[in-house]
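Structure file entry-v5.txt; described as compact mmCIF, C-alpha atoms.
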```
# COMPACT_ATOMS: atom_id res chain seq x y z
CA MET A 462 142.43 102.61 75.74
CA THR A 463 142.41 98.79 75.56
CA ASP A 464 146.18 98.60 76.20
CA LEU A 465 146.05 100.37 79.58
CA ALA A 466 146.39 96.97 81.28
CA THR A 467 146.92 93.44 80.02
CA ILE A 468 147.21 89.98 81.61
CA LYS A 469 150.85 89.00 81.20
CA GLN A 470 150.40 85.50 82.56
CA LYS A 471 147.19 83.65 83.32
CA PRO A 472 147.18 81.83 86.69
CA VAL A 473 147.63 78.07 86.47
CA ILE A 474 146.37 76.00 89.43
CA ASP A 475 147.23 72.31 89.74
CA PHE A 476 144.28 70.56 91.45
CA THR A 477 144.72 67.04 90.06
CA GLN A 478 144.98 65.56 93.57
CA MET A 479 141.56 66.86 94.64
CA GLU A 480 139.57 64.08 93.01
CA ALA A 481 141.67 61.38 94.71
CA ALA A 482 141.33 63.07 98.11
CA GLY A 483 137.56 63.28 97.80
CA LYS A 484 137.35 59.65 96.70
CA LYS A 485 139.40 58.57 99.73
CA VAL A 486 136.99 60.30 102.13
CA ARG A 487 133.95 58.64 100.53
CA GLU A 488 135.61 55.21 100.60
CA GLU A 489 136.46 55.57 104.27
CA LEU A 490 132.89 56.55 105.10
CA GLY A 491 131.65 53.61 103.04
CA LYS A 492 133.23 51.19 105.50
CA TYR A 493 130.51 52.08 107.99
CA ASN A 494 126.92 50.95 107.58
CA PHE A 495 125.39 54.07 109.10
CA GLU A 496 121.78 53.05 108.32
CA GLY A 497 121.99 49.78 110.27
CA LEU A 498 124.64 50.88 112.76
CA VAL A 499 123.85 50.32 116.44
CA VAL A 500 125.35 53.18 118.39
CA THR A 501 127.48 52.14 121.34
CA GLU A 502 129.89 53.94 123.60
CA GLU A 503 132.89 52.46 121.78
CA ASN A 504 131.80 53.18 118.19
CA VAL A 505 130.75 56.70 119.19
CA LYS A 506 134.32 57.30 120.31
CA GLU A 507 135.55 55.91 116.98
CA MET A 508 133.21 58.20 115.02
CA LYS A 509 134.30 61.20 117.07
CA SER A 510 137.93 60.38 116.28
CA LEU A 511 137.11 60.02 112.57
CA ARG A 512 135.22 63.29 112.57
CA ALA A 513 138.09 65.12 114.28
CA ARG A 514 140.54 63.80 111.68
CA PHE A 515 138.26 64.84 108.80
CA SER A 516 137.81 68.32 110.34
CA LYS A 517 141.57 68.74 110.64
CA ASP A 518 142.13 67.67 107.02
CA PHE A 519 139.32 69.95 105.81
CA LYS A 520 140.78 72.96 107.66
CA ILE A 521 144.12 72.35 105.93
CA ALA A 522 142.32 72.19 102.57
CA GLU A 523 140.37 75.43 103.33
CA ASP A 524 143.55 77.28 104.26
CA MET A 525 145.09 76.12 100.98
CA ARG A 526 142.03 77.35 99.03
CA LYS A 527 142.11 80.77 100.68
CA GLU A 528 145.83 81.11 100.01
CA ILE A 529 145.38 80.28 96.33
CA LYS A 530 142.48 82.74 96.05
CA LYS A 531 144.54 85.45 97.73
CA GLY A 532 147.41 84.77 95.34
CA ILE A 533 145.05 85.19 92.40
CA MET A 534 143.10 88.17 93.81
CA ASP A 535 146.06 90.26 95.04
CA PRO A 536 147.16 91.28 91.53
CA TYR A 537 143.54 92.06 90.59
CA THR A 538 143.02 94.12 93.76
CA GLN A 539 146.13 96.13 92.95
CA PHE A 540 144.90 96.61 89.39
CA GLU A 541 141.40 97.66 90.53
CA ASN A 542 142.77 100.25 92.98
CA ALA A 543 144.99 101.71 90.26
CA TYR A 544 142.02 101.71 87.87
CA LYS A 545 139.79 103.59 90.34
CA ASP A 546 142.47 106.20 91.10
CA ASN A 547 143.71 106.79 87.55
CA ILE A 548 140.75 106.01 85.29
CA ALA A 549 137.34 105.88 87.00
CA SER A 550 137.85 108.87 89.30
CA PRO A 551 139.11 111.43 86.73
CA TYR A 552 136.60 110.30 84.08
CA ASN A 553 133.67 110.52 86.53
CA GLU A 554 134.79 113.96 87.69
CA ALA A 555 135.05 115.13 84.07
CA ASP A 556 131.61 113.73 83.26
CA LYS A 557 130.05 115.44 86.30
CA LEU A 558 131.63 118.79 85.42
CA LEU A 559 130.62 118.60 81.75
CA LYS A 560 127.06 117.54 82.66
CA THR A 561 126.72 120.57 84.96
CA LEU A 562 127.90 122.92 82.22
CA ILE A 563 125.66 121.30 79.59
CA ASP A 564 122.60 121.33 81.89
CA ASP A 565 123.18 125.00 82.68
CA VAL A 566 123.24 125.94 78.99
CA GLU A 567 120.26 123.74 78.09
CA ASN A 568 118.19 125.05 81.02
CA LYS A 569 118.82 128.62 79.88
CA LEU A 570 117.79 127.73 76.32
CA ARG A 571 114.68 125.94 77.60
CA ASP A 572 113.77 128.86 79.88
CA ALA A 573 114.16 131.30 76.99
CA LYS A 574 111.91 129.15 74.80
CA THR A 575 109.35 128.92 77.61
CA GLU A 576 109.25 132.70 78.04
CA GLU A 577 108.81 133.16 74.29
CA LEU A 578 105.87 130.75 74.30
CA LYS A 579 104.34 132.42 77.38
CA THR A 580 104.45 135.76 75.59
CA PHE A 581 102.77 134.24 72.53
CA PHE A 582 100.10 132.61 74.73
CA ASN A 583 99.28 135.88 76.51
CA GLU A 584 99.09 137.78 73.22
CA TYR A 585 96.95 135.16 71.50
CA ILE A 586 94.49 134.79 74.35
CA GLN A 587 93.76 138.53 74.36
CA SER A 588 91.63 138.09 71.23
CA PHE A 589 89.26 135.83 73.20
CA ASP A 590 86.96 136.53 76.13
CA ILE A 591 88.90 134.15 78.38
CA ASP A 592 90.30 135.51 81.62
CA PHE A 593 90.79 132.34 83.67
CA LEU A 594 93.18 130.33 81.51
CA LYS A 595 96.82 129.93 82.58
CA PHE A 596 99.82 129.08 80.39
CA GLU A 597 100.63 126.05 82.55
CA GLN A 598 97.24 124.52 81.69
CA VAL A 599 98.36 124.06 78.08
CA ASN A 600 100.73 121.41 79.48
CA LEU A 601 103.38 121.80 76.79
CA ASN A 602 106.33 119.42 76.64
CA ILE A 603 109.01 122.06 76.06
CA THR A 604 112.18 120.29 74.96
CA LEU A 605 115.20 121.59 73.08
CA SER A 606 114.32 119.46 70.08
CA ALA A 607 110.71 120.72 69.87
CA SER A 608 110.33 123.64 67.48
CA VAL A 609 108.73 126.89 68.61
CA LYS A 610 106.40 126.68 65.60
CA SER A 611 105.00 123.30 66.61
CA LEU A 612 104.55 124.44 70.22
CA ARG A 613 102.75 127.60 69.09
CA GLU A 614 100.37 125.46 67.07
CA LYS A 615 99.58 123.44 70.20
CA ILE A 616 98.80 126.68 72.06
CA ILE A 617 96.49 127.84 69.27
CA GLU A 618 94.74 124.47 69.18
CA PHE A 619 94.29 124.46 72.96
CA VAL A 620 92.92 128.01 73.23
CA ASN A 621 90.57 127.49 70.26
CA LYS A 622 89.24 124.34 71.88
CA VAL A 623 88.55 126.23 75.12
CA ASP A 624 86.80 128.98 73.16
CA GLU A 625 84.52 126.44 71.44
CA ALA A 626 83.75 124.86 74.80
CA LEU A 627 82.76 128.25 76.26
CA LYS A 628 80.42 128.88 73.33
CA MET A 629 78.74 125.53 73.97
CA ILE A 630 78.43 126.27 77.68
CA ASP A 631 76.96 129.73 77.01
CA VAL A 632 73.77 128.23 75.52
CA GLN A 633 73.18 125.89 78.46
CA GLU A 634 70.40 126.55 80.97
CA HIS A 635 72.70 126.56 83.98
CA LYS A 636 75.69 128.12 82.27
CA GLU A 637 76.99 129.99 85.34
CA ARG A 638 77.40 126.84 87.40
CA ILE A 639 78.69 124.86 84.44
CA LEU A 640 81.32 127.53 83.77
CA VAL A 641 82.60 127.27 87.34
CA GLU A 642 82.96 123.49 86.98
CA TYR A 643 84.57 123.83 83.54
CA GLN A 644 87.19 126.25 84.84
CA ARG A 645 88.14 123.57 87.34
CA THR A 646 88.26 120.61 84.93
CA LEU A 647 88.48 122.03 81.37
CA ASN A 648 86.04 119.28 80.40
CA ALA A 649 82.97 120.85 78.80
CA SER A 650 80.77 117.79 78.30
CA GLY A 651 81.72 116.39 81.68
CA SER A 652 80.94 119.70 83.40
CA ILE A 653 77.51 119.93 81.72
CA VAL A 654 76.58 116.40 82.79
CA TYR A 655 77.91 116.94 86.31
CA VAL A 656 76.01 120.19 86.91
CA ASN A 657 72.74 118.95 85.36
CA GLU A 658 72.82 115.83 87.50
CA ALA A 659 73.65 117.90 90.59
CA ILE A 660 70.68 120.22 89.94
CA LYS A 661 68.43 117.22 89.34
CA ARG A 662 69.44 115.78 92.70
CA GLU A 663 68.86 119.15 94.39
CA GLU A 664 65.35 119.37 92.89
CA GLN A 665 64.54 115.85 94.04
CA ILE A 666 65.68 116.69 97.56
CA LYS A 667 63.60 119.89 97.50
CA GLU A 668 60.51 117.96 96.32
CA GLN A 669 61.01 115.40 99.07
CA GLN A 670 61.31 118.17 101.67
CA THR A 671 58.14 119.88 100.35
CA LEU A 672 56.22 116.60 100.39
CA ALA A 673 57.40 115.83 103.91
CA ALA A 674 56.30 119.29 105.09
CA ALA A 675 52.88 118.85 103.44
CA GLN A 676 52.39 115.45 105.04
CA LYS A 677 53.31 116.90 108.41
CA GLU A 678 50.76 119.72 107.92
CA VAL A 679 48.03 117.21 107.00
CA GLN A 680 48.76 115.23 110.15
CA ILE A 681 48.54 118.35 112.36
CA LYS A 682 45.42 119.90 110.73
CA PRO A 683 42.81 117.30 111.90
CA VAL A 684 43.99 117.77 115.48
CA GLU A 685 43.56 121.53 115.15
CA GLU A 686 40.08 121.05 113.66
CA VAL A 687 39.03 118.87 116.59
CA LEU A 688 40.35 121.36 119.13
CA ALA A 689 38.81 124.41 117.40
CA ALA A 690 35.46 125.73 118.69
CA PRO A 691 32.43 124.87 116.49
CA THR A 692 31.35 127.66 114.17
CA GLU A 693 27.64 128.46 114.10
CA VAL A 694 26.33 128.63 110.52
CA LYS A 695 23.31 130.89 110.04
CA LYS A 696 20.82 129.67 107.47
CA GLU A 697 19.74 132.41 105.06
CA GLU A 698 15.95 132.96 104.58
CA SER A 699 14.59 132.28 101.08
CA ILE A 700 12.75 135.17 99.44
CA THR A 701 10.79 135.48 96.20
CA LYS A 702 11.37 138.32 93.72
CA SER A 703 9.90 139.03 90.28
CA MET A 704 12.11 140.57 87.61
CA THR A 705 12.33 141.05 83.87
CA VAL A 706 15.56 139.93 82.20
CA THR A 707 16.73 141.27 78.84
CA GLY A 708 19.69 139.79 76.95
CA THR A 709 20.79 137.65 74.05
CA LEU A 710 19.78 134.02 73.80
CA THR A 711 23.28 132.94 74.76
CA GLN A 712 23.28 135.22 77.79
CA LEU A 713 19.86 133.97 78.91
CA LYS A 714 21.02 130.35 78.59
CA SER A 715 24.07 131.17 80.70
CA LEU A 716 21.85 132.83 83.30
CA ILE A 717 19.56 129.81 83.50
CA GLN A 718 22.58 127.51 83.85
CA PHE A 719 23.97 129.69 86.66
CA MET A 720 20.58 129.62 88.50
CA LYS A 721 20.50 125.83 88.24
CA GLU A 722 24.02 125.52 89.62
CA GLU A 723 23.20 127.84 92.54
CA GLY A 724 19.89 126.07 93.31
CA ILE A 725 17.73 129.14 92.50
CA LYS A 726 14.15 128.27 91.62
CA TYR A 727 12.56 130.14 88.73
CA GLU A 728 9.33 129.96 86.63
```
Produce structure tokens that represent the structure in this file.
Amino acid sequence: MTDLATIKQKPVIDFTQMEAAGKKVREELGKYNFEGLVVTEENVKEMKSLRARFSKDFKIAEDMRKEIKKGIMDPYTQFENAYKDNIASPYNEADKLLKTLIDDVENKLRDAKTEELKTFFNEYIQSFDIDFLKFEQVNLNITLSASVKSLREKIIEFVNKVDEALKMIDVQEHKERILVEYQRTLNASGSIVYVNEAIKREEQIKEQQTLAAAQKEVQIKPVEEVLAAPTEVKKEESITKSMTVTGTLTQLKSLIQFMKEEGIKYE
């Protein structure tokens, strides 16, 4: 392929006169002391004339440069066009066609492997009390180079880990709420902490609400007591009765203690 095109003759450009031309321009400018020059109408005209001559010479030099570049680039442009038409285009078309065919075959192989692993996942999970898990949650990297055996082992490891997490959740106090959170995150420890903290916050809010209600009731009650009509308390008349008491020593001591507490006089 390296002999498709070769450079038969390298371009040779004679530019030996350029250095002398540049030196001549600098020498001519050096005749003028621009830093200490006092601008007058006459020397302005002279500078304009000098500038016009330099511009004319520079345009001639630029035209020469462009012509030389064109002479060098024309053969390359012709070569590049031939290269695009005869090499790049057919090779790119072939690559695109082959890639499409290869991708089609590999996608079918990958899809077949995915279906096989889905079937294994569904069969394996039936031996566990897990009804919320989806195959996609295993997050397998199913490539053509990955063996079915290694991917099955990842499925087994994943499902077993979920089963262990469910057993841990089952012994928690708030297992129903924790299970809901776990099904969302598949993070057992994180779900336990999240739910316990949420319940703790809820209890604190409930206590604050209860305390606020009690304080409000205390503030209202004195007003109600002031507005309520006074209740007449009838004083009971004291009477004297004689009786004989029979019981154990412990019972008699208890009776005496009760009479003292109630303010009953006895002899």
Margin query: Using all atoms listed in the file, can you tell me which of A:Glu528, A:Val654, A:Lys615, A:Gln478 comes closest to Phe581 (chain A)?
Written below: A:Lys615
Check: Interatomic distance between CA of Ile548 (chain A) and CA of Leu465 (chain A)?
Finding: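 So the two atoms, CA of Ile548 (chain A) and CA of Leu465 (chain A), lie 9.6 Å apart.
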Next item on the list: Quote the spacing between CA of Gly491 (chain A) and CA of Asp475 (chain A) in Å to one decimal place.
Entry: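 So the two atoms, CA of Gly491 (chain A) and CA of Asp475 (chain A), lie 27.7 Å apart.
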Check: Which residue out of A:Asp546, A:Leu713, A:Met479, A:Phe495 has the minimum interatomic distance to Met525 (chain A) when only C-alpha atoms are used?
Finding: A:Met479
Next item on the list: One decimal, Å: what's the distance from CA of Ser652 (chain A) over to CA of Asp631 (chain A), could you say?
Entry: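 Here the two named atoms are 12.5 Å from each other.
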Next item on the list: Go through A:Thr701, A:Ser510, A:Gln587, A:Gln669 and flag the residue nearest Ile725 (chain A), using only C-alpha atoms for the distances.
Entry: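 Using only C-alpha atoms, Ile725 (chain A) sits closest to A:Thr701.
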Notebook entry, point to check: Around (90.0, 124.8, 78.7) in the file's frame, which residues reach within 9 Å when counting only C-alpha atoms? Return as a PyMOL selection string?
Noted result: chain A and resi 594+598-599+619-624+626-627+643-649
